[in-house]
$ cat work09.pdb   # PDB, C-alpha atoms and all ligand atoms
ATOM      1  CA  MET A 296     -11.006  -3.629  10.692  1.00  0.00           C
ATOM      2  CA  LYS A 297     -10.158   0.075  10.544  1.00  0.00           C
ATOM      3  CA  HIS A 298      -6.920   1.111   8.855  1.00  0.00           C
ATOM      4  CA  PRO A 299      -4.431   3.113  10.947  1.00  0.00           C
ATOM      5  CA  GLU A 300      -4.031   6.863  10.683  1.00  0.00           C
ATOM      6  CA  PRO A 301      -0.784   7.723   8.823  1.00  0.00           C
ATOM      7  CA  ASN A 302       0.386   9.910  11.746  1.00  0.00           C
ATOM      8  CA  SER A 303      -0.078   7.121  14.263  1.00  0.00           C
ATOM      9  CA  VAL A 304       1.940   4.740  12.048  1.00  0.00           C
ATOM     10  CA  GLU A 305       4.674   7.359  11.719  1.00  0.00           C
ATOM     11  CA  ASN A 306       4.778   7.866  15.510  1.00  0.00           C
ATOM     12  CA  LEU A 307       4.824   4.133  16.045  1.00  0.00           C
ATOM     13  CA  PHE A 308       7.840   3.602  13.792  1.00  0.00           C
ATOM     14  CA  ASN A 309       9.646   6.639  15.165  1.00  0.00           C
ATOM     15  CA  SER A 310       9.317   5.146  18.648  1.00  0.00           C
ATOM     16  CA  VAL A 311      10.363   1.651  17.541  1.00  0.00           C
ATOM     17  CA  ALA A 312      13.306   2.819  15.394  1.00  0.00           C
ATOM     18  CA  PRO A 313      16.166   2.581  17.967  1.00  0.00           C
ATOM     19  CA  ASN A 314      15.277  -1.072  18.739  1.00  0.00           C
ATOM     20  CA  TYR A 315      13.973  -2.022  15.294  1.00  0.00           C
ATOM     21  CA  ASP A 316      17.017  -3.847  13.888  1.00  0.00           C
ATOM     22  CA  TYR A 317      17.795  -5.678  17.109  1.00  0.00           C
ATOM     23  CA  LEU A 318      14.194  -6.857  17.512  1.00  0.00           C
ATOM     24  CA  ASN A 319      13.861  -7.731  13.838  1.00  0.00           C
ATOM     25  CA  ASP A 320      16.857 -10.063  14.071  1.00  0.00           C
ATOM     26  CA  LEU A 321      15.734 -11.534  17.364  1.00  0.00           C
ATOM     27  CA  LEU A 322      12.076 -12.026  16.474  1.00  0.00           C
ATOM     28  CA  SER A 323      12.749 -13.561  13.049  1.00  0.00           C
ATOM     29  CA  PHE A 324      15.844 -15.489  14.250  1.00  0.00           C
ATOM     30  CA  GLY A 325      17.728 -13.491  11.600  1.00  0.00           C
ATOM     31  CA  LEU A 326      15.555 -14.997   8.882  1.00  0.00           C
ATOM     32  CA  HIS A 327      14.244 -11.643   7.607  1.00  0.00           C
ATOM     33  CA  ARG A 328      17.684 -11.302   5.972  1.00  0.00           C
ATOM     34  CA  VAL A 329      17.188 -14.612   4.143  1.00  0.00           C
ATOM     35  CA  TRP A 330      13.708 -13.607   2.938  1.00  0.00           C
ATOM     36  CA  LYS A 331      14.983 -10.234   1.733  1.00  0.00           C
ATOM     37  CA  ARG A 332      17.859 -11.952  -0.071  1.00  0.00           C
ATOM     38  CA  GLN A 333      15.366 -14.325  -1.702  1.00  0.00           C
ATOM     39  CA  LEU A 334      13.256 -11.347  -2.807  1.00  0.00           C
ATOM     40  CA  LEU A 335      16.295  -9.796  -4.480  1.00  0.00           C
ATOM     41  CA  LEU A 336      17.149 -13.119  -6.149  1.00  0.00           C
ATOM     42  CA  TRP A 337      13.646 -13.238  -7.619  1.00  0.00           C
ATOM     43  CA  LEU A 338      13.784  -9.607  -8.765  1.00  0.00           C
ATOM     44  CA  ASP A 339      17.341  -9.801 -10.101  1.00  0.00           C
ATOM     45  CA  PRO A 340      18.213  -6.051 -10.118  1.00  0.00           C
ATOM     46  CA  GLY A 341      20.810  -5.217 -12.758  1.00  0.00           C
ATOM     47  CA  GLN A 342      23.928  -3.053 -12.825  1.00  0.00           C
ATOM     48  CA  GLY A 343      23.247   0.535 -13.823  1.00  0.00           C
ATOM     49  CA  GLN A 344      19.578   0.439 -12.777  1.00  0.00           C
ATOM     50  CA  TYR A 345      17.672   2.897 -10.598  1.00  0.00           C
ATOM     51  CA  TRP A 346      15.699   1.161  -7.824  1.00  0.00           C
ATOM     52  CA  LEU A 347      13.320   2.328  -5.135  1.00  0.00           C
ATOM     53  CA  ASP A 348      12.908   0.958  -1.609  1.00  0.00           C
ATOM     54  CA  LEU A 349       9.517   2.199  -0.419  1.00  0.00           C
ATOM     55  CA  CYS A 350       8.967   2.072   3.358  1.00  0.00           C
ATOM     56  CA  CYS A 351      12.722   1.454   3.614  1.00  0.00           C
ATOM     57  CA  GLY A 352      12.854   1.633   7.427  1.00  0.00           C
ATOM     58  CA  THR A 353      16.442   1.478   8.666  1.00  0.00           C
ATOM     59  CA  GLY A 354      17.697   0.743   5.165  1.00  0.00           C
ATOM     60  CA  ASP A 355      19.072  -2.817   5.167  1.00  0.00           C
ATOM     61  CA  LEU A 356      17.302  -3.835   1.956  1.00  0.00           C
ATOM     62  CA  ALA A 357      18.171  -0.574   0.172  1.00  0.00           C
ATOM     63  CA  ILE A 358      21.832  -1.182   1.019  1.00  0.00           C
ATOM     64  CA  ASP A 359      21.714  -4.755  -0.328  1.00  0.00           C
ATOM     65  CA  LEU A 360      20.029  -3.414  -3.471  1.00  0.00           C
ATOM     66  CA  ALA A 361      22.701  -0.751  -3.916  1.00  0.00           C
ATOM     67  CA  ARG A 362      25.399  -3.449  -3.981  1.00  0.00           C
ATOM     68  CA  LEU A 363      23.589  -5.065  -6.916  1.00  0.00           C
ATOM     69  CA  VAL A 364      22.969  -1.985  -9.086  1.00  0.00           C
ATOM     70  CA  ARG A 365      26.484  -0.564  -8.960  1.00  0.00           C
ATOM     71  CA  PRO A 366      28.340   0.508 -10.917  1.00  0.00           C
ATOM     72  CA  GLY A 367      26.224   3.087 -12.616  1.00  0.00           C
ATOM     73  CA  GLY A 368      22.948   2.493 -10.802  1.00  0.00           C
ATOM     74  CA  SER A 369      21.507   3.860  -7.606  1.00  0.00           C
ATOM     75  CA  VAL A 370      18.824   3.338  -4.991  1.00  0.00           C
ATOM     76  CA  LEU A 371      16.379   5.704  -3.351  1.00  0.00           C
ATOM     77  CA  GLY A 372      15.061   4.739   0.085  1.00  0.00           C
ATOM     78  CA  VAL A 373      11.802   6.410   1.110  1.00  0.00           C
ATOM     79  CA  ASP A 374      10.164   6.296   4.528  1.00  0.00           C
ATOM     80  CA  SER A 375       7.751   8.533   6.411  1.00  0.00           C
ATOM     81  CA  ALA A 376       9.376   8.071   9.849  1.00  0.00           C
ATOM     82  CA  GLU A 377      12.333  10.394  10.303  1.00  0.00           C
ATOM     83  CA  GLN A 378      13.922   8.299  13.072  1.00  0.00           C
ATOM     84  CA  THR A 379      14.198   5.249  10.801  1.00  0.00           C
ATOM     85  CA  LEU A 380      15.910   7.429   8.175  1.00  0.00           C
ATOM     86  CA  VAL A 381      18.401   8.709  10.761  1.00  0.00           C
ATOM     87  CA  LEU A 382      19.441   5.079  11.307  1.00  0.00           C
ATOM     88  CA  ALA A 383      19.411   4.321   7.566  1.00  0.00           C
ATOM     89  CA  ARG A 384      21.724   7.255   6.882  1.00  0.00           C
ATOM     90  CA  SER A 385      24.136   6.256   9.631  1.00  0.00           C
ATOM     91  CA  ARG A 386      24.134   2.624   8.426  1.00  0.00           C
ATOM     92  CA  ALA A 387      24.839   3.825   4.865  1.00  0.00           C
ATOM     93  CA  MET A 388      27.746   5.976   6.070  1.00  0.00           C
ATOM     94  CA  LYS A 389      29.597   2.730   6.893  1.00  0.00           C
ATOM     95  CA  VAL A 390      29.343   1.751   3.207  1.00  0.00           C
ATOM     96  CA  SER A 391      29.634   5.259   1.832  1.00  0.00           C
ATOM     97  CA  TRP A 392      30.775   4.058  -1.605  1.00  0.00           C
ATOM     98  CA  LEU A 393      27.311   2.610  -2.243  1.00  0.00           C
ATOM     99  CA  PRO A 394      24.992   4.785  -4.383  1.00  0.00           C
ATOM    100  CA  ILE A 395      22.009   5.446  -2.099  1.00  0.00           C
ATOM    101  CA  ASN A 396      19.855   8.453  -1.332  1.00  0.00           C
ATOM    102  CA  TRP A 397      17.233   8.743   1.372  1.00  0.00           C
ATOM    103  CA  MET A 398      14.041  10.730   1.320  1.00  0.00           C
ATOM    104  CA  ARG A 399      11.332  11.315   3.866  1.00  0.00           C
ATOM    105  CA  GLY A 400       8.032  10.792   2.109  1.00  0.00           C
ATOM    106  CA  ASP A 401       4.630   9.164   2.080  1.00  0.00           C
ATOM    107  CA  ALA A 402       4.406   5.906   0.112  1.00  0.00           C
ATOM    108  CA  LEU A 403       0.856   6.881  -0.876  1.00  0.00           C
ATOM    109  CA  ASP A 404       1.959  10.158  -2.417  1.00  0.00           C
ATOM    110  CA  THR A 405       5.723  10.368  -2.841  1.00  0.00           C
ATOM    111  CA  GLY A 406       5.737  13.435  -5.084  1.00  0.00           C
ATOM    112  CA  LEU A 407       8.352  11.676  -7.264  1.00  0.00           C
ATOM    113  CA  PRO A 408       8.100  11.779 -11.072  1.00  0.00           C
ATOM    114  CA  SER A 409       6.239   9.001 -12.912  1.00  0.00           C
ATOM    115  CA  ASN A 410       7.973   6.183 -14.859  1.00  0.00           C
ATOM    116  CA  GLU A 411      11.217   6.860 -13.023  1.00  0.00           C
ATOM    117  CA  PHE A 412      12.442   3.531 -11.609  1.00  0.00           C
ATOM    118  CA  ASP A 413      13.698   0.286 -13.147  1.00  0.00           C
ATOM    119  CA  GLY A 414      12.452  -1.606 -10.120  1.00  0.00           C
ATOM    120  CA  ALA A 415      11.171  -1.332  -6.573  1.00  0.00           C
ATOM    121  CA  VAL A 416      10.889  -3.213  -3.308  1.00  0.00           C
ATOM    122  CA  MET A 417       8.634  -2.737  -0.329  1.00  0.00           C
ATOM    123  CA  ALA A 418       9.335  -4.962   2.687  1.00  0.00           C
ATOM    124  CA  TYR A 419       6.815  -5.070   5.526  1.00  0.00           C
ATOM    125  CA  GLY A 420       5.432  -1.726   4.344  1.00  0.00           C
ATOM    126  CA  LEU A 421       2.220  -2.407   2.400  1.00  0.00           C
ATOM    127  CA  ARG A 422       0.508  -3.850   5.505  1.00  0.00           C
ATOM    128  CA  ASN A 423       1.100  -0.567   7.323  1.00  0.00           C
ATOM    129  CA  LEU A 424      -0.395   1.693   4.682  1.00  0.00           C
ATOM    130  CA  SER A 425      -3.839   3.157   5.345  1.00  0.00           C
ATOM    131  CA  ASP A 426      -4.844   2.175   1.785  1.00  0.00           C
ATOM    132  CA  PRO A 427      -2.857  -0.739   0.258  1.00  0.00           C
ATOM    133  CA  LEU A 428      -4.494  -0.275  -3.170  1.00  0.00           C
ATOM    134  CA  ALA A 429      -3.456   3.389  -3.244  1.00  0.00           C
ATOM    135  CA  GLY A 430       0.060   2.256  -2.259  1.00  0.00           C
ATOM    136  CA  LEU A 431       0.160  -0.152  -5.204  1.00  0.00           C
ATOM    137  CA  VAL A 432      -1.165   2.552  -7.564  1.00  0.00           C
ATOM    138  CA  GLU A 433       1.602   4.908  -6.446  1.00  0.00           C
ATOM    139  CA  LEU A 434       4.203   2.130  -6.795  1.00  0.00           C
ATOM    140  CA  ARG A 435       2.990   1.364 -10.335  1.00  0.00           C
ATOM    141  CA  ARG A 436       3.071   5.052 -11.261  1.00  0.00           C
ATOM    142  CA  LEU A 437       6.720   5.343 -10.251  1.00  0.00           C
ATOM    143  CA  LEU A 438       7.879   2.382 -12.366  1.00  0.00           C
ATOM    144  CA  ARG A 439       8.899   2.354 -16.004  1.00  0.00           C
ATOM    145  CA  PRO A 440       6.894  -0.006 -18.232  1.00  0.00           C
ATOM    146  CA  GLY A 441       8.421  -3.480 -17.874  1.00  0.00           C
ATOM    147  CA  ALA A 442       9.967  -2.697 -14.461  1.00  0.00           C
ATOM    148  CA  ARG A 443       9.798  -5.316 -11.685  1.00  0.00           C
ATOM    149  CA  ALA A 444       8.734  -4.880  -8.099  1.00  0.00           C
ATOM    150  CA  GLY A 445       8.536  -7.082  -5.024  1.00  0.00           C
ATOM    151  CA  VAL A 446       6.421  -6.615  -1.920  1.00  0.00           C
ATOM    152  CA  LEU A 447       7.525  -8.780   1.003  1.00  0.00           C
ATOM    153  CA  ASP A 448       5.374  -9.241   4.087  1.00  0.00           C
ATOM    154  CA  PHE A 449       3.672 -11.697   6.396  1.00  0.00           C
ATOM    155  CA  ASN A 450       1.405 -14.089   4.551  1.00  0.00           C
ATOM    156  CA  PRO A 451      -2.041 -13.638   6.100  1.00  0.00           C
ATOM    157  CA  LYS A 452      -3.764 -16.932   6.901  1.00  0.00           C
ATOM    158  CA  VAL A 453      -7.415 -17.950   6.734  1.00  0.00           C
ATOM    159  CA  ASP A 454      -9.002 -17.403  10.179  1.00  0.00           C
ATOM    160  CA  GLY A 455      -9.028 -20.570  12.255  1.00  0.00           C
ATOM    161  CA  SER A 456      -6.522 -22.406  10.027  1.00  0.00           C
ATOM    162  CA  LEU A 457      -3.458 -24.081  11.520  1.00  0.00           C
ATOM    163  CA  GLY A 458      -1.274 -21.381   9.897  1.00  0.00           C
ATOM    164  CA  ALA A 459      -3.378 -18.597  11.438  1.00  0.00           C
ATOM    165  CA  ARG A 460      -3.232 -20.253  14.855  1.00  0.00           C
ATOM    166  CA  PHE A 461       0.545 -20.612  14.578  1.00  0.00           C
ATOM    167  CA  GLN A 462       0.894 -16.933  13.568  1.00  0.00           C
ATOM    168  CA  GLN A 463      -1.290 -15.839  16.490  1.00  0.00           C
ATOM    169  CA  PHE A 464       0.621 -18.036  18.928  1.00  0.00           C
ATOM    170  CA  TYR A 465       3.990 -16.736  17.692  1.00  0.00           C
ATOM    171  CA  LEU A 466       2.866 -13.088  17.857  1.00  0.00           C
ATOM    172  CA  ARG A 467       1.175 -13.276  21.266  1.00  0.00           C
ATOM    173  CA  ASN A 468       3.575 -15.610  23.046  1.00  0.00           C
ATOM    174  CA  PHE A 469       6.917 -14.683  21.560  1.00  0.00           C
ATOM    175  CA  VAL A 470       6.892 -11.380  19.672  1.00  0.00           C
ATOM    176  CA  VAL A 471       4.899  -9.245  22.124  1.00  0.00           C
ATOM    177  CA  PRO A 472       6.610 -10.550  25.320  1.00  0.00           C
ATOM    178  CA  VAL A 473      10.083 -10.089  23.779  1.00  0.00           C
ATOM    179  CA  ALA A 474       9.189  -6.565  22.589  1.00  0.00           C
ATOM    180  CA  ALA A 475       7.766  -5.825  26.053  1.00  0.00           C
ATOM    181  CA  ASN A 476      11.297  -6.295  27.446  1.00  0.00           C
ATOM    182  CA  SER A 477      12.303  -3.264  25.383  1.00  0.00           C
ATOM    183  CA  GLY A 478       9.220  -1.331  26.517  1.00  0.00           C
ATOM    184  CA  LEU A 479       7.530  -1.771  23.128  1.00  0.00           C
ATOM    185  CA  GLU A 480       4.627  -4.054  23.977  1.00  0.00           C
ATOM    186  CA  SER A 481       1.834  -1.974  22.437  1.00  0.00           C
ATOM    187  CA  GLN A 482       3.890  -1.215  19.317  1.00  0.00           C
ATOM    188  CA  TYR A 483       4.371  -4.920  18.615  1.00  0.00           C
ATOM    189  CA  ALA A 484       0.820  -5.860  19.629  1.00  0.00           C
ATOM    190  CA  TYR A 485      -0.096  -3.705  16.615  1.00  0.00           C
ATOM    191  CA  LEU A 486       1.466  -6.366  14.353  1.00  0.00           C
ATOM    192  CA  GLU A 487      -1.388  -8.817  14.936  1.00  0.00           C
ATOM    193  CA  GLU A 488      -3.960  -6.081  14.281  1.00  0.00           C
ATOM    194  CA  SER A 489      -2.238  -5.023  11.063  1.00  0.00           C
ATOM    195  CA  LEU A 490      -2.118  -8.628   9.896  1.00  0.00           C
ATOM    196  CA  LYS A 491      -5.869  -9.078  10.438  1.00  0.00           C
ATOM    197  CA  ARG A 492      -6.705  -6.342   7.952  1.00  0.00           C
ATOM    198  CA  PHE A 493      -3.932  -7.242   5.476  1.00  0.00           C
ATOM    199  CA  PRO A 494      -5.350  -8.901   2.349  1.00  0.00           C
ATOM    200  CA  ALA A 495      -4.429 -12.507   1.549  1.00  0.00           C
ATOM    201  CA  GLY A 496      -1.967 -13.207  -1.277  1.00  0.00           C
ATOM    202  CA  ALA A 497      -4.689 -13.863  -3.883  1.00  0.00           C
ATOM    203  CA  VAL A 498      -6.376 -10.559  -3.005  1.00  0.00           C
ATOM    204  CA  GLN A 499      -3.036  -8.729  -3.167  1.00  0.00           C
ATOM    205  CA  VAL A 500      -2.650 -10.101  -6.712  1.00  0.00           C
ATOM    206  CA  LYS A 501      -6.093  -8.717  -7.658  1.00  0.00           C
ATOM    207  CA  LEU A 502      -5.301  -5.332  -6.101  1.00  0.00           C
ATOM    208  CA  ALA A 503      -2.010  -5.187  -8.015  1.00  0.00           C
ATOM    209  CA  ILE A 504      -3.754  -5.861 -11.333  1.00  0.00           C
ATOM    210  CA  GLU A 505      -6.377  -3.227 -10.406  1.00  0.00           C
ATOM    211  CA  ALA A 506      -3.483  -0.843  -9.673  1.00  0.00           C
ATOM    212  CA  GLY A 507      -2.277  -1.277 -13.255  1.00  0.00           C
ATOM    213  CA  PHE A 508       0.438  -3.948 -13.017  1.00  0.00           C
ATOM    214  CA  LEU A 509       0.616  -6.239 -16.047  1.00  0.00           C
ATOM    215  CA  GLU A 510       1.646  -9.294 -14.062  1.00  0.00           C
ATOM    216  CA  ALA A 511       1.314 -10.216 -10.402  1.00  0.00           C
ATOM    217  CA  TYR A 512       2.155 -13.429  -8.537  1.00  0.00           C
ATOM    218  CA  HIS A 513       2.167 -14.186  -4.854  1.00  0.00           C
ATOM    219  CA  ARG A 514       4.873 -16.601  -3.698  1.00  0.00           C
ATOM    220  CA  PRO A 515       4.986 -18.081  -0.213  1.00  0.00           C
ATOM    221  CA  LEU A 516       8.152 -18.018   1.852  1.00  0.00           C
ATOM    222  CA  ALA A 517       9.101 -19.538   5.213  1.00  0.00           C
ATOM    223  CA  VAL A 518       6.686 -22.485   4.925  1.00  0.00           C
ATOM    224  CA  GLY A 519       3.938 -20.074   3.993  1.00  0.00           C
ATOM    225  CA  GLN A 520       4.327 -17.737   6.983  1.00  0.00           C
ATOM    226  CA  MET A 521       5.727 -14.952   4.763  1.00  0.00           C
ATOM    227  CA  GLY A 522       4.837 -14.043   1.193  1.00  0.00           C
ATOM    228  CA  ALA A 523       6.204 -12.022  -1.689  1.00  0.00           C
ATOM    229  CA  LEU A 524       4.019 -10.253  -4.212  1.00  0.00           C
ATOM    230  CA  LEU A 525       6.064 -10.208  -7.430  1.00  0.00           C
ATOM    231  CA  LEU A 526       5.010  -7.584  -9.954  1.00  0.00           C
ATOM    232  CA  LYS A 527       5.715  -6.452 -13.492  1.00  0.00           C
ATOM    233  CA  ALA A 528       4.699  -2.951 -14.562  1.00  0.00           C
TER
HETATM  234  C1  LIG A 601       7.834  -2.828   9.463  1.00  0.00           C
HETATM  235  S1  LIG A 601       8.775  -1.467   8.905  1.00  0.00           S
HETATM  236  C2  LIG A 601       9.716  -2.183   7.582  1.00  0.00           C
HETATM  237  C3  LIG A 601      11.010  -1.495   7.335  1.00  0.00           C
HETATM  238  C4  LIG A 601      11.945  -2.159   6.336  1.00  0.00           C
HETATM  239  N1  LIG A 601      11.406  -2.125   5.005  1.00  0.00           N
HETATM  240  C5  LIG A 601      12.265  -3.578   6.734  1.00  0.00           C
HETATM  241  O1  LIG A 601      11.910  -4.502   6.007  1.00  0.00           O
HETATM  242  O2  LIG A 601      12.878  -3.771   7.779  1.00  0.00           O
HETATM  243  C6  LIG A 601       7.583  -0.511   8.020  1.00  0.00           C
HETATM  244  C7  LIG A 601       8.123   0.817   7.571  1.00  0.00           C
HETATM  245  O3  LIG A 601       7.128   1.446   6.758  1.00  0.00           O
HETATM  246  C8  LIG A 601       7.154   2.824   7.029  1.00  0.00           C
HETATM  247  N2  LIG A 601       5.871   3.399   6.599  1.00  0.00           N
HETATM  248  C9  LIG A 601       4.636   3.120   7.080  1.00  0.00           C
HETATM  249  N3  LIG A 601       3.718   3.858   6.435  1.00  0.00           N
HETATM  250  C10 LIG A 601       4.396   4.598   5.520  1.00  0.00           C
HETATM  251  C11 LIG A 601       3.995   5.539   4.546  1.00  0.00           C
HETATM  252  N4  LIG A 601       2.708   5.885   4.376  1.00  0.00           N
HETATM  253  N5  LIG A 601       4.938   6.096   3.762  1.00  0.00           N
HETATM  254  C12 LIG A 601       6.248   5.775   3.920  1.00  0.00           C
HETATM  255  N6  LIG A 601       6.686   4.898   4.841  1.00  0.00           N
HETATM  256  C13 LIG A 601       5.770   4.314   5.629  1.00  0.00           C
HETATM  257  C14 LIG A 601       7.392   2.908   8.515  1.00  0.00           C
HETATM  258  O4  LIG A 601       7.858   4.168   8.936  1.00  0.00           O
HETATM  259  C15 LIG A 601       8.410   1.784   8.705  1.00  0.00           C
HETATM  260  O5  LIG A 601       9.735   2.244   8.637  1.00  0.00           O
END
$ encode --input "work09.pdb" --output "structure tokens"
Amino acid sequence: MKHPEPNSVENLFNSVAPNYDYLNDLLSFGLHRVWKRQLLLWLDPGQGQYWLDLCCGTGDLAIDLARLVRPGGSVLGVDSAEQTLVLARSRAMKVSWLPINWMRGDALDTGLPSNEFDGAVMAYGLRNLSDPLAGLVELRRLLRPGARAGVLDFNPKVDGSLGARFQQFYLRNFVVPVAANSGLESQYAYLEESLKRFPAGAVQVKLAIEAGFLEAYHRPLAVGQMGALLLKA
């Protein structure tokens, strides 16, 4: 299946941004917070470290990260959709003591210096990139040797399997109708499409090694419906 044009992804997330947090909580029954917390537990960011949240969206994970790296550390949240960053900035203003900066940028070519970060996260971002391998190469480039990274996303299922049928049922019969109530039917119908072209966990591991990571593991979450690619640079 064809990968999306970067501009169309940017427009999509700009249009979803005002409803993104509300729908995220509703559609995951609040569980996305649990999965993000689990990701951070696995990555164990340390005080004084400099972390990156690529495809940071409205900034919830970057804010949680910033609590863990202070004092002395900081977090940079990067996203290509300006409207998501507007919300991230306003969310961060409520916790203005946390060390976070926001930057509009392309995860495939951030323009940031190499070997800069002690760690990185990317939640529900890799699936939306036009070239996931190029995204992993850029992520690897930004990390210091030995740094850790975690990529959280849906866990794509083998076509026809029970897991795949459950995912399809959930997306078509719950996610899209609920999003339609907010006028975002087509934007959320895109989720199923993006999942079809997203590589399975084992393939993500291979791509990460090809991208230059020393270690890569894929760990299932939420009875296998979600997955986290855990990386060491
Ligand atoms: C599904 S949202 C996830 C947001 C957030 N990380 C979360 O977990 O709630 C995907 C985000 O990736 C961003 N994104 C997609 N392609 C991108 C790219 N090439 N560079 C930077 N951000 C991108 C979108 O703008 C969007 O905010």
$ axis_aligned_box --input "work09.pdb" --around "range 415-425 of chain A" --padding-each-side "5 Å" --output "lines of an AutoDock Vina configuration file"
center_x = 3.7
center_y = -1.0
center_z = 0.4
size_x = 25.0
size_y = 18.2
size_z = 23.9
$ closest_residue --input "work09.pdb" --among "A:Gly430, A:Gly458, A:Gly341, A:Pro472" --to "Gly414 in chain A" --atoms "all atoms listed in the file"
A:Gly341
$ residues_near_ligand --input "work09.pdb" --ligand "ligand LIG 601 (chain A)" --cutoff "9 Å" --atoms "only C-alpha atoms and all ligand atoms" --output "VMD selection string"
chain A and resid 301 to 302 304 to 309 311 to 312 315 to 316 319 327 to 328 331 348 to 357 373 to 380 399 to 405 416 to 426 430 447 to 448 486
$ resolve_selection --input "work09.pdb" --expression "the PyMOL selection byres (((chain A and resi 365-371) around 7) and not hetatm)" --output "list of chain:residue names"
A:Gln342, A:Gly343, A:Gln344, A:Tyr345, A:Trp346, A:Leu347, A:Asp348, A:Ala357, A:Ala361, A:Arg362, A:Leu363, A:Val364, A:Gly372, A:Val373, A:Pro394, A:Ile395, A:Asn396, A:Trp397
$ residues_around --input "work09.pdb" --residues "Glu487 in chain A" --least-positions-apart "2" --cutoff "12 Å" --atoms "only C-alpha atoms" --output "PyMOL selection string"
chain A and resi 296+422-423+449-452+459-468+470-471+480-485+489-493
$ residues_around --input "work09.pdb" --residues "Lys501 in chain A" --least-positions-apart "5" --cutoff "10 Å" --atoms "all atoms listed in the file" --output "count of residues only"
6
$ resolve_selection --input "work09.pdb" --expression "the PyMOL selection byres (((chain A and resi 445) around 6) and not hetatm)" --output "PyMOL selection string"
chain A and resi 416+444+446+524-525
$ atom_distance --input "work09.pdb" --atom1 "CA of Trp330 in chain A" --atom2 "CA of Leu434 in chain A"
20.8 Å
$ atom_distance --input "work09.pdb" --atom1 "CA of Arg436 in chain A" --atom2 "CA of Asn410 in chain A"
6.2 Å
$ resolve_selection --input "work09.pdb" --expression "the PyMOL selection byres (((chain A and resi 337) around 10) and not hetatm)" --output "list of chain:residue names"
A:Lys331, A:Arg332, A:Gln333, A:Leu334, A:Leu335, A:Leu336, A:Leu338, A:Asp339, A:Pro340, A:Arg443, A:Ala444, A:Gly445, A:Ala523, A:Leu525
$ write_last_selection --input "work09.pdb" --atoms "C-alpha atoms" --output "CSV table (one decimal), in the frame of the given file"
chain,number,residue,atom,x,y,z
A,331,LYS,CA,15.0,-10.2,1.7
A,332,ARG,CA,17.9,-12.0,-0.1
A,333,GLN,CA,15.4,-14.3,-1.7
A,334,LEU,CA,13.3,-11.3,-2.8
A,335,LEU,CA,16.3,-9.8,-4.5
A,336,LEU,CA,17.1,-13.1,-6.1
A,338,LEU,CA,13.8,-9.6,-8.8
A,339,ASP,CA,17.3,-9.8,-10.1
A,340,PRO,CA,18.2,-6.1,-10.1
A,443,ARG,CA,9.8,-5.3,-11.7
A,444,ALA,CA,8.7,-4.9,-8.1
A,445,GLY,CA,8.5,-7.1,-5.0
A,523,ALA,CA,6.2,-12.0,-1.7
A,525,LEU,CA,6.1,-10.2,-7.4
$ atom_distance --input "work09.pdb" --atom1 "CA of Arg386 in chain A" --atom2 "CA of Leu431 in chain A"
27.7 Å
$ closest_residue --input "work09.pdb" --among "A:Val381, A:Ala474, A:Ala415, A:Ala503" --to "Val432 in chain A" --atoms "all atoms listed in the file"
A:Ala503
$ closest_residue --input "work09.pdb" --among "A:Leu479, A:Leu509, A:Ile358, A:Leu382" --to "Pro313 in chain A" --atoms "all atoms listed in the file"
A:Leu382
$ closest_residue --input "work09.pdb" --among "A:Leu318, A:Val329, A:Ala383, A:Phe324" --to "Asn476 in chain A" --atoms "all atoms listed in the file"
A:Leu318
$ residues_near_point --input "work09.pdb" --point "(3.4, 5.7, -12.9)" --cutoff "10 Å" --atoms "all atoms listed in the file" --output "PyMOL selection string"
chain A and resi 407-412+432-440+507+528
$ closest_residue --input "work09.pdb" --among "A:Ser303, A:Leu326, A:Asp320, A:Leu360" --to "Leu516 in chain A" --atoms "all atoms listed in the file"
A:Leu326
